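One file, run_30.cif, is given below (mmCIF, C-alpha atoms).
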```cif
data_target
#
loop_
_atom_site.label_atom_id
_atom_site.label_comp_id
_atom_site.auth_asym_id
_atom_site.auth_seq_id
_atom_site.Cartn_x
_atom_site.Cartn_y
_atom_site.Cartn_z
CA MET A 1251 103.76 114.71 78.98
CA LYS A 1252 106.14 111.81 79.49
CA ASN A 1253 105.06 108.30 78.48
CA ILE A 1254 105.18 105.98 81.49
CA ALA A 1255 105.40 102.19 81.39
CA VAL A 1256 104.78 100.16 84.55
CA LEU A 1257 106.33 96.68 84.85
CA VAL A 1258 104.46 94.31 87.18
CA SER A 1259 104.36 90.68 88.28
CA GLY A 1260 101.48 90.33 90.72
CA GLY A 1261 98.40 92.01 92.15
CA GLY A 1262 99.31 95.50 91.06
CA THR A 1263 98.57 97.48 94.24
CA ASN A 1264 101.39 99.92 93.44
CA LEU A 1265 100.10 100.17 89.86
CA GLN A 1266 96.66 101.05 91.27
CA ALA A 1267 98.25 103.71 93.49
CA LEU A 1268 99.87 105.22 90.37
CA ILE A 1269 96.61 105.09 88.37
CA ASP A 1270 94.76 106.77 91.26
CA ALA A 1271 97.53 109.41 91.58
CA GLU A 1272 97.30 110.17 87.86
CA ASN A 1273 93.50 110.47 88.08
CA SER A 1274 93.71 112.78 91.10
CA GLY A 1275 96.32 115.07 89.52
CA ILE A 1276 99.32 114.10 91.68
CA ILE A 1277 101.00 112.79 88.53
CA LYS A 1278 100.58 115.57 85.96
CA SER A 1279 103.85 115.51 84.00
CA GLY A 1280 103.36 112.01 82.63
CA LYS A 1281 100.75 109.47 81.58
CA ILE A 1282 100.76 105.70 82.07
CA ASN A 1283 100.32 104.35 78.54
CA LEU A 1284 101.67 100.81 78.98
CA VAL A 1285 101.69 98.01 81.56
CA ILE A 1286 103.88 94.94 80.99
CA SER A 1287 103.80 91.81 83.11
CA ASN A 1288 106.15 88.84 83.11
CA ASN A 1289 103.26 86.83 84.61
CA PRO A 1290 100.24 86.17 82.34
CA ASP A 1291 98.06 85.60 85.44
CA ALA A 1292 98.94 88.88 87.20
CA TYR A 1293 95.87 90.72 88.47
CA ALA A 1294 97.74 93.92 87.58
CA LEU A 1295 96.83 93.21 83.93
CA GLU A 1296 93.14 93.40 84.90
CA ARG A 1297 93.77 96.70 86.71
CA ALA A 1298 95.38 98.09 83.54
CA LYS A 1299 92.46 96.91 81.41
CA ASN A 1300 89.95 98.47 83.83
CA ALA A 1301 91.82 101.78 83.56
CA GLY A 1302 91.95 101.65 79.75
CA ILE A 1303 95.73 101.20 79.68
CA LYS A 1304 97.42 99.00 77.08
CA ALA A 1305 98.69 95.79 78.72
CA LEU A 1306 101.18 93.23 77.41
CA VAL A 1307 102.70 90.00 78.67
CA CYS A 1308 106.40 89.24 78.22
CA ASN A 1309 106.72 85.81 79.79
CA LYS A 1310 110.33 85.23 80.82
CA LYS A 1311 109.90 81.43 80.92
CA GLU A 1312 108.62 81.35 77.33
CA LEU A 1313 110.95 84.02 75.91
CA GLY A 1314 114.14 82.82 77.62
CA ALA A 1315 117.21 84.68 76.36
CA SER A 1316 115.13 87.08 74.23
CA PHE A 1317 113.08 88.29 77.25
CA GLU A 1318 114.87 91.63 77.68
CA ASP A 1319 115.04 92.21 73.92
CA GLU A 1320 111.25 91.82 73.74
CA LEU A 1321 110.81 94.17 76.71
CA ILE A 1322 113.03 96.80 75.07
CA LYS A 1323 111.15 96.44 71.77
CA ALA A 1324 107.74 96.90 73.46
CA LEU A 1325 108.97 99.90 75.48
CA GLU A 1326 110.49 101.59 72.43
CA GLU A 1327 107.45 100.91 70.22
CA ASN A 1328 105.33 102.68 72.86
CA LYS A 1329 107.79 105.62 73.06
CA THR A 1330 108.40 105.05 76.77
CA ASP A 1331 110.17 107.86 78.61
CA VAL A 1332 110.03 106.50 82.17
CA ILE A 1333 109.76 102.91 83.44
CA VAL A 1334 108.38 102.06 86.88
CA LEU A 1335 109.12 98.67 88.43
CA ALA A 1336 106.08 98.10 90.65
CA GLY A 1337 106.45 94.66 92.18
CA PHE A 1338 108.31 93.41 89.10
CA MET A 1339 109.93 90.14 90.17
CA CYS A 1340 112.71 89.99 87.58
CA ILE A 1341 116.27 91.19 87.99
CA LEU A 1342 117.21 93.20 84.91
CA SER A 1343 120.67 93.01 83.38
CA GLU A 1344 123.13 95.85 82.92
CA LYS A 1345 122.35 95.71 79.19
CA PHE A 1346 118.72 96.62 79.96
CA THR A 1347 119.35 99.12 82.77
CA SER A 1348 122.05 101.01 80.84
CA HIS A 1349 119.75 101.16 77.77
CA PHE A 1350 117.29 103.13 79.93
CA ALA A 1351 119.83 104.81 82.26
CA ASN A 1352 118.23 107.22 84.76
CA ARG A 1353 114.80 106.38 83.33
CA ILE A 1354 113.87 103.34 85.48
CA ILE A 1355 112.57 103.72 89.03
CA ASN A 1356 111.72 101.08 91.63
CA VAL A 1357 109.99 101.08 94.99
CA HIS A 1358 111.61 98.93 97.68
CA PRO A 1359 109.77 98.11 100.93
CA ALA A 1360 112.58 99.14 103.31
CA LEU A 1361 114.82 102.10 104.02
CA ILE A 1362 117.81 101.40 101.77
CA PRO A 1363 120.61 100.52 102.62
CA SER A 1364 118.80 98.28 105.14
CA PHE A 1365 117.24 94.98 104.05
CA CYS A 1366 117.95 95.38 100.35
CA GLY A 1367 119.79 93.67 97.52
CA LYS A 1368 119.70 90.07 96.37
CA GLY A 1369 117.02 87.98 98.08
CA PHE A 1370 115.28 90.94 99.73
CA TYR A 1371 111.84 91.22 98.12
CA GLY A 1372 108.23 90.87 99.18
CA LEU A 1373 107.62 89.44 102.65
CA HIS A 1374 111.32 88.51 103.04
CA VAL A 1375 112.08 92.21 103.65
CA HIS A 1376 109.51 92.54 106.44
CA GLU A 1377 110.49 89.20 108.02
CA ALA A 1378 114.12 90.39 108.16
CA ALA A 1379 113.17 93.76 109.68
CA LEU A 1380 111.11 92.09 112.42
CA GLU A 1381 113.75 89.42 113.05
CA TYR A 1382 116.46 92.06 113.41
CA GLY A 1383 114.30 94.06 115.79
CA VAL A 1384 114.48 97.46 114.09
CA LYS A 1385 111.99 100.02 115.42
CA VAL A 1386 111.52 101.86 112.11
CA THR A 1387 111.26 100.58 108.56
CA GLY A 1388 109.68 102.19 105.50
CA ALA A 1389 110.02 102.41 101.75
CA THR A 1390 112.53 103.79 99.26
CA VAL A 1391 112.06 104.87 95.66
CA HIS A 1392 115.32 104.75 93.72
CA PHE A 1393 116.72 104.73 90.23
CA VAL A 1394 117.51 101.26 88.89
CA ASN A 1395 120.95 100.21 87.78
CA GLU A 1396 122.65 96.82 87.37
CA ILE A 1397 123.00 96.37 91.17
CA PRO A 1398 119.77 95.19 92.87
CA ASP A 1399 118.50 98.16 94.93
CA GLY A 1400 121.78 99.95 94.14
CA GLY A 1401 120.68 103.06 92.25
CA LYS A 1402 120.49 106.65 93.51
CA ILE A 1403 117.73 107.25 96.06
CA ILE A 1404 114.91 109.59 94.98
CA MET A 1405 112.67 109.53 98.07
CA GLN A 1406 112.22 107.66 101.37
CA LYS A 1407 109.51 107.52 104.01
CA ALA A 1408 109.75 105.92 107.43
CA VAL A 1409 107.11 103.68 109.02
CA GLU A 1410 107.04 102.74 112.70
CA ILE A 1411 107.13 99.07 113.64
CA LYS A 1412 104.51 98.25 116.26
CA ALA A 1413 104.26 95.54 118.92
CA GLY A 1414 102.47 92.51 117.52
CA ASP A 1415 103.37 93.24 113.89
CA THR A 1416 103.54 90.19 111.65
CA PRO A 1417 105.33 90.37 108.29
CA GLU A 1418 101.91 90.58 106.58
CA ILE A 1419 100.62 93.40 108.82
CA LEU A 1420 103.88 95.32 108.42
CA GLN A 1421 103.86 94.82 104.65
CA ARG A 1422 100.37 96.31 104.43
CA ARG A 1423 101.25 99.31 106.62
CA VAL A 1424 104.44 100.02 104.64
CA MET A 1425 102.41 99.96 101.41
CA GLU A 1426 99.66 102.22 102.75
CA GLU A 1427 101.82 104.70 104.68
CA ALA A 1428 104.91 104.83 102.47
CA GLU A 1429 104.94 103.05 99.09
CA TRP A 1430 101.60 104.35 97.82
CA LYS A 1431 102.56 107.90 98.84
CA ILE A 1432 106.19 108.26 97.71
CA LEU A 1433 105.99 106.22 94.48
CA PRO A 1434 103.55 108.65 92.77
CA LEU A 1435 105.42 111.68 94.15
CA SER A 1436 108.76 110.29 92.93
CA LEU A 1437 107.32 109.48 89.51
CA GLU A 1438 105.98 113.03 89.16
CA LYS A 1439 109.37 114.43 90.23
CA VAL A 1440 111.25 112.31 87.67
CA CYS A 1441 108.80 113.14 84.85
CA SER A 1442 108.83 116.86 85.64
CA GLU A 1443 112.63 117.02 85.69
CA MET A 1444 113.22 115.13 82.41
#
```
Please express what this file holds, its structure, as structure tokens.
Amino acid sequence: MKNIAVLVSGGGTNLQALIDAENSGIIKSGKINLVISNNPDAYALERAKNAGIKALVCNKKELGASFEDELIKALEENKTDVIVLAGFMCILSEKFTSHFANRIINVHPALIPSFCGKGFYGLHVHEAALEYGVKVTGATVHFVNEIPDGGKIIMQKAVEIKAGDTPEILQRRVMEEAEWKILPLSLEKVCSEM
């Protein structure tokens, strides 16, 4: 069983999808044993607590230059094998990503290489997709390296854009139809192949 840490910043809907997937047996080669948030007010911390998972806060504003060192220390103390970025709103340096090379995965709410990289996160991704007029969007799970959304793709799933979609409606459909499905499957794949 691989030890999984999930890094979060907000509500934790992807974290909940992972917890549910572990409970239902989709994730069977690993166990979530740590949740870390850079935001002390993240509801994801409450989700972790409710699931009996150890939760920590590493506040980037307070820690400053030692932020990544503290993250590394917490991850190593908890014998982390795989790290999942699930709505984690911090860009990690090459020092961090190379320390955990091929052990960090992220879910991005678009079909990479579209609408990805610097500045493409959250609703911005869905606004750009609608503005551009694409007919299909989706989600991508990929390994994390020093280039935002630049690591090797693990899994993708397409989602149709419908007439009348707003960024908020599209965001919800991408989460429900793609992110919450391929993130647990990708995590199981990575854990089982380690």
Given only C-alpha atoms as the counted atoms, nearest of A:His1358, A:Lys1368, A:Lys1412, A:Lys1329 to Phe1393 in chain A: A:His1358
CA of Pro1359 in chain A and CA of His1376 in chain A, how far apart in Å? 7.8 Å
Sorted by chain and rising residue number, list the residues of range 1253-1354 of chain A at most 9 Å from range 1440-1443 of chain A (counting all atoms listed in the file), each with its closest atom pair and distance in Å to one decimal, as JSON lines.
```
{"residue": "A:Asn1253", "atom": "CA", "partner": "A:Cys1441", "partner_atom": "CA", "distance": 8.8}
{"residue": "A:Ile1254", "atom": "CA", "partner": "A:Cys1441", "partner_atom": "CA", "distance": 8.7}
{"residue": "A:Ile1277", "atom": "CA", "partner": "A:Cys1441", "partner_atom": "CA", "distance": 8.6}
{"residue": "A:Lys1278", "atom": "CA", "partner": "A:Ser1442", "partner_atom": "CA", "distance": 8.4}
{"residue": "A:Ser1279", "atom": "CA", "partner": "A:Ser1442", "partner_atom": "CA", "distance": 5.4}
{"residue": "A:Gly1280", "atom": "CA", "partner": "A:Cys1441", "partner_atom": "CA", "distance": 6.0}
{"residue": "A:Asp1331", "atom": "CA", "partner": "A:Cys1441", "partner_atom": "CA", "distance": 8.3}
{"residue": "A:Val1332", "atom": "CA", "partner": "A:Cys1441", "partner_atom": "CA", "distance": 7.3}
{"residue": "A:Arg1353", "atom": "CA", "partner": "A:Val1440", "partner_atom": "CA", "distance": 8.2}
```
Could you give me, as a PDB file with C-alpha atoms, in the frame of the given file, the residues within 6 Å of Tyr1293 in chain A, counting all atoms listed in the file and dropping anything in the same chain fewer than 2 positions from it?
```pdb
ATOM      1  CA  GLY A1261      98.400  92.010  92.150  1.00  0.00           C
ATOM      2  CA  LEU A1295      96.830  93.210  83.930  1.00  0.00           C
ATOM      3  CA  GLU A1296      93.140  93.400  84.900  1.00  0.00           C
TER       4      GLU A1296
END
```
To one decimal place in Å, what is the distance between CA of Asp1415 in chain A and CA of Gly1388 in chain A?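 So the two atoms, CA of Asp1415 in chain A and CA of Gly1388 in chain A, lie 13.8 Å apart.
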Written as a PyMOL selection string, which residues does the PyMOL selection byres ((chain A and resi 1381-1387) around 9) give for the file shown? chain A and resi 1359-1361+1364+1376-1380+1388-1389+1407-1412+1424
Matched chain/residue IDs from the PyMOL selection byres ((chain A and resi 1363) around 10), as a PDB file with C-alpha atoms, keeping the file's coordinate frame:
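Listing of out.pdb after writing:
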```pdb
ATOM      1  CA  ALA A1360     112.580  99.140 103.310  1.00  0.00           C
ATOM      2  CA  LEU A1361     114.820 102.100 104.020  1.00  0.00           C
ATOM      3  CA  ILE A1362     117.810 101.400 101.770  1.00  0.00           C
ATOM      4  CA  SER A1364     118.800  98.280 105.140  1.00  0.00           C
ATOM      5  CA  PHE A1365     117.240  94.980 104.050  1.00  0.00           C
ATOM      6  CA  CYS A1366     117.950  95.380 100.350  1.00  0.00           C
ATOM      7  CA  GLY A1367     119.790  93.670  97.520  1.00  0.00           C
ATOM      8  CA  THR A1390     112.530 103.790  99.260  1.00  0.00           C
ATOM      9  CA  ASP A1399     118.500  98.160  94.930  1.00  0.00           C
ATOM     10  CA  GLY A1400     121.780  99.950  94.140  1.00  0.00           C
ATOM     11  CA  ILE A1403     117.730 107.250  96.060  1.00  0.00           C
TER      12      ILE A1403
END
```
Separation of CA of Pro1417 in chain A from CA of Phe1370 in chain A, in Å and rounded to one decimal: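 For CA of Pro1417 in chain A relative to CA of Phe1370 in chain A, the distance reads 13.1 Å.
Listed by chain and then by number, the residues chosen by the PyMOL selection byres ((chain A and resi 1391) around 6) in this file are A:Asn1356, A:Val1357, A:Thr1390, A:His1392, A:Ile1404, A:Met1405.
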Quick one: of A:Glu1312, A:Asp1319, A:Glu1427, A:Glu1396, who's nearest to Ser1348 in chain A, counting all atoms listed in the file?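 Of the candidates, the smallest distance to Ser1348 in chain A is held by A:Glu1396.
For the set A:Val1258, A:Ala1292, A:Ile1286, A:Cys1340, the residue with the smallest atom-to-atom gap to Glu1320 in chain A is A:Ile1286, counting all atoms listed in the file.
Between Asn1273 in chain A and the candidates A:Gly1314, A:Leu1435, A:Asn1309, A:Ala1301, the tightest atom-to-atom separation, counting all atoms listed in the file, involves A:Ala1301.
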Please determine, counting only C-alpha atoms, which residue among A:Ala1271, A:Ile1419, A:Met1251, A:Val1394 has the shortest atom-to-atom distance to Glu1344 in chain A.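 Of the candidates, the smallest distance to Glu1344 in chain A is held by A:Val1394.
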Name the residues in contact with Val1256 in chain A at a cut-off of 12 Å, using all atoms listed in the file, excluding same-chain residues fewer than 5 positions from it; report them as a PDB file with C-alpha atoms, in the frame of the given file.
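Below is the file part.pdb, written as the result:
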```pdb
ATOM      1  CA  GLY A1262      99.310  95.500  91.060  1.00  0.00           C
ATOM      2  CA  THR A1263      98.570  97.480  94.240  1.00  0.00           C
ATOM      3  CA  ASN A1264     101.390  99.920  93.440  1.00  0.00           C
ATOM      4  CA  LEU A1265     100.100 100.170  89.860  1.00  0.00           C
ATOM      5  CA  GLN A1266      96.660 101.050  91.270  1.00  0.00           C
ATOM      6  CA  ALA A1267      98.250 103.710  93.490  1.00  0.00           C
ATOM      7  CA  LEU A1268      99.870 105.220  90.370  1.00  0.00           C
ATOM      8  CA  ILE A1269      96.610 105.090  88.370  1.00  0.00           C
ATOM      9  CA  LYS A1281     100.750 109.470  81.580  1.00  0.00           C
ATOM     10  CA  ILE A1282     100.760 105.700  82.070  1.00  0.00           C
ATOM     11  CA  ASN A1283     100.320 104.350  78.540  1.00  0.00           C
ATOM     12  CA  LEU A1284     101.670 100.810  78.980  1.00  0.00           C
ATOM     13  CA  VAL A1285     101.690  98.010  81.560  1.00  0.00           C
ATOM     14  CA  ILE A1286     103.880  94.940  80.990  1.00  0.00           C
ATOM     15  CA  SER A1287     103.800  91.810  83.110  1.00  0.00           C
ATOM     16  CA  ASN A1288     106.150  88.840  83.110  1.00  0.00           C
ATOM     17  CA  ALA A1294      97.740  93.920  87.580  1.00  0.00           C
ATOM     18  CA  LEU A1295      96.830  93.210  83.930  1.00  0.00           C
ATOM     19  CA  ARG A1297      93.770  96.700  86.710  1.00  0.00           C
ATOM     20  CA  ALA A1298      95.380  98.090  83.540  1.00  0.00           C
ATOM     21  CA  ILE A1303      95.730 101.200  79.680  1.00  0.00           C
ATOM     22  CA  LYS A1304      97.420  99.000  77.080  1.00  0.00           C
ATOM     23  CA  ALA A1305      98.690  95.790  78.720  1.00  0.00           C
ATOM     24  CA  LEU A1306     101.180  93.230  77.410  1.00  0.00           C
ATOM     25  CA  VAL A1307     102.700  90.000  78.670  1.00  0.00           C
ATOM     26  CA  LEU A1321     110.810  94.170  76.710  1.00  0.00           C
ATOM     27  CA  ALA A1324     107.740  96.900  73.460  1.00  0.00           C
ATOM     28  CA  LEU A1325     108.970  99.900  75.480  1.00  0.00           C
ATOM     29  CA  ASN A1328     105.330 102.680  72.860  1.00  0.00           C
ATOM     30  CA  THR A1330     108.400 105.050  76.770  1.00  0.00           C
ATOM     31  CA  ASP A1331     110.170 107.860  78.610  1.00  0.00           C
ATOM     32  CA  VAL A1332     110.030 106.500  82.170  1.00  0.00           C
ATOM     33  CA  ILE A1333     109.760 102.910  83.440  1.00  0.00           C
ATOM     34  CA  VAL A1334     108.380 102.060  86.880  1.00  0.00           C
ATOM     35  CA  LEU A1335     109.120  98.670  88.430  1.00  0.00           C
ATOM     36  CA  ALA A1336     106.080  98.100  90.650  1.00  0.00           C
ATOM     37  CA  GLY A1337     106.450  94.660  92.180  1.00  0.00           C
ATOM     38  CA  PHE A1338     108.310  93.410  89.100  1.00  0.00           C
ATOM     39  CA  ARG A1353     114.800 106.380  83.330  1.00  0.00           C
ATOM     40  CA  ILE A1354     113.870 103.340  85.480  1.00  0.00           C
ATOM     41  CA  ILE A1355     112.570 103.720  89.030  1.00  0.00           C
ATOM     42  CA  ASN A1356     111.720 101.080  91.630  1.00  0.00           C
ATOM     43  CA  VAL A1357     109.990 101.080  94.990  1.00  0.00           C
ATOM     44  CA  LEU A1433     105.990 106.220  94.480  1.00  0.00           C
ATOM     45  CA  PRO A1434     103.550 108.650  92.770  1.00  0.00           C
ATOM     46  CA  LEU A1437     107.320 109.480  89.510  1.00  0.00           C
TER      47      LEU A1437
END
```
Do a neighbour search on Gly1369 in chain A at 10 Å with only C-alpha atoms, toss out local chain neighbours closer than 5 positions, and write the hits as a CSV table (one decimal) with C-alpha atoms, in the coordinates of the input.
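Generated file (part-v8.csv):
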```
chain,number,residue,atom,x,y,z
A,1374,HIS,CA,111.3,88.5,103.0
A,1375,VAL,CA,112.1,92.2,103.6
A,1398,PRO,CA,119.8,95.2,92.9
```
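Nearest-residue note for Glu1326 in chain A: choosing from A:Ala1255, A:Lys1439, A:Lys1345, A:Glu1272, the minimum distance belongs to A:Ala1255, counting all atoms listed in the file.
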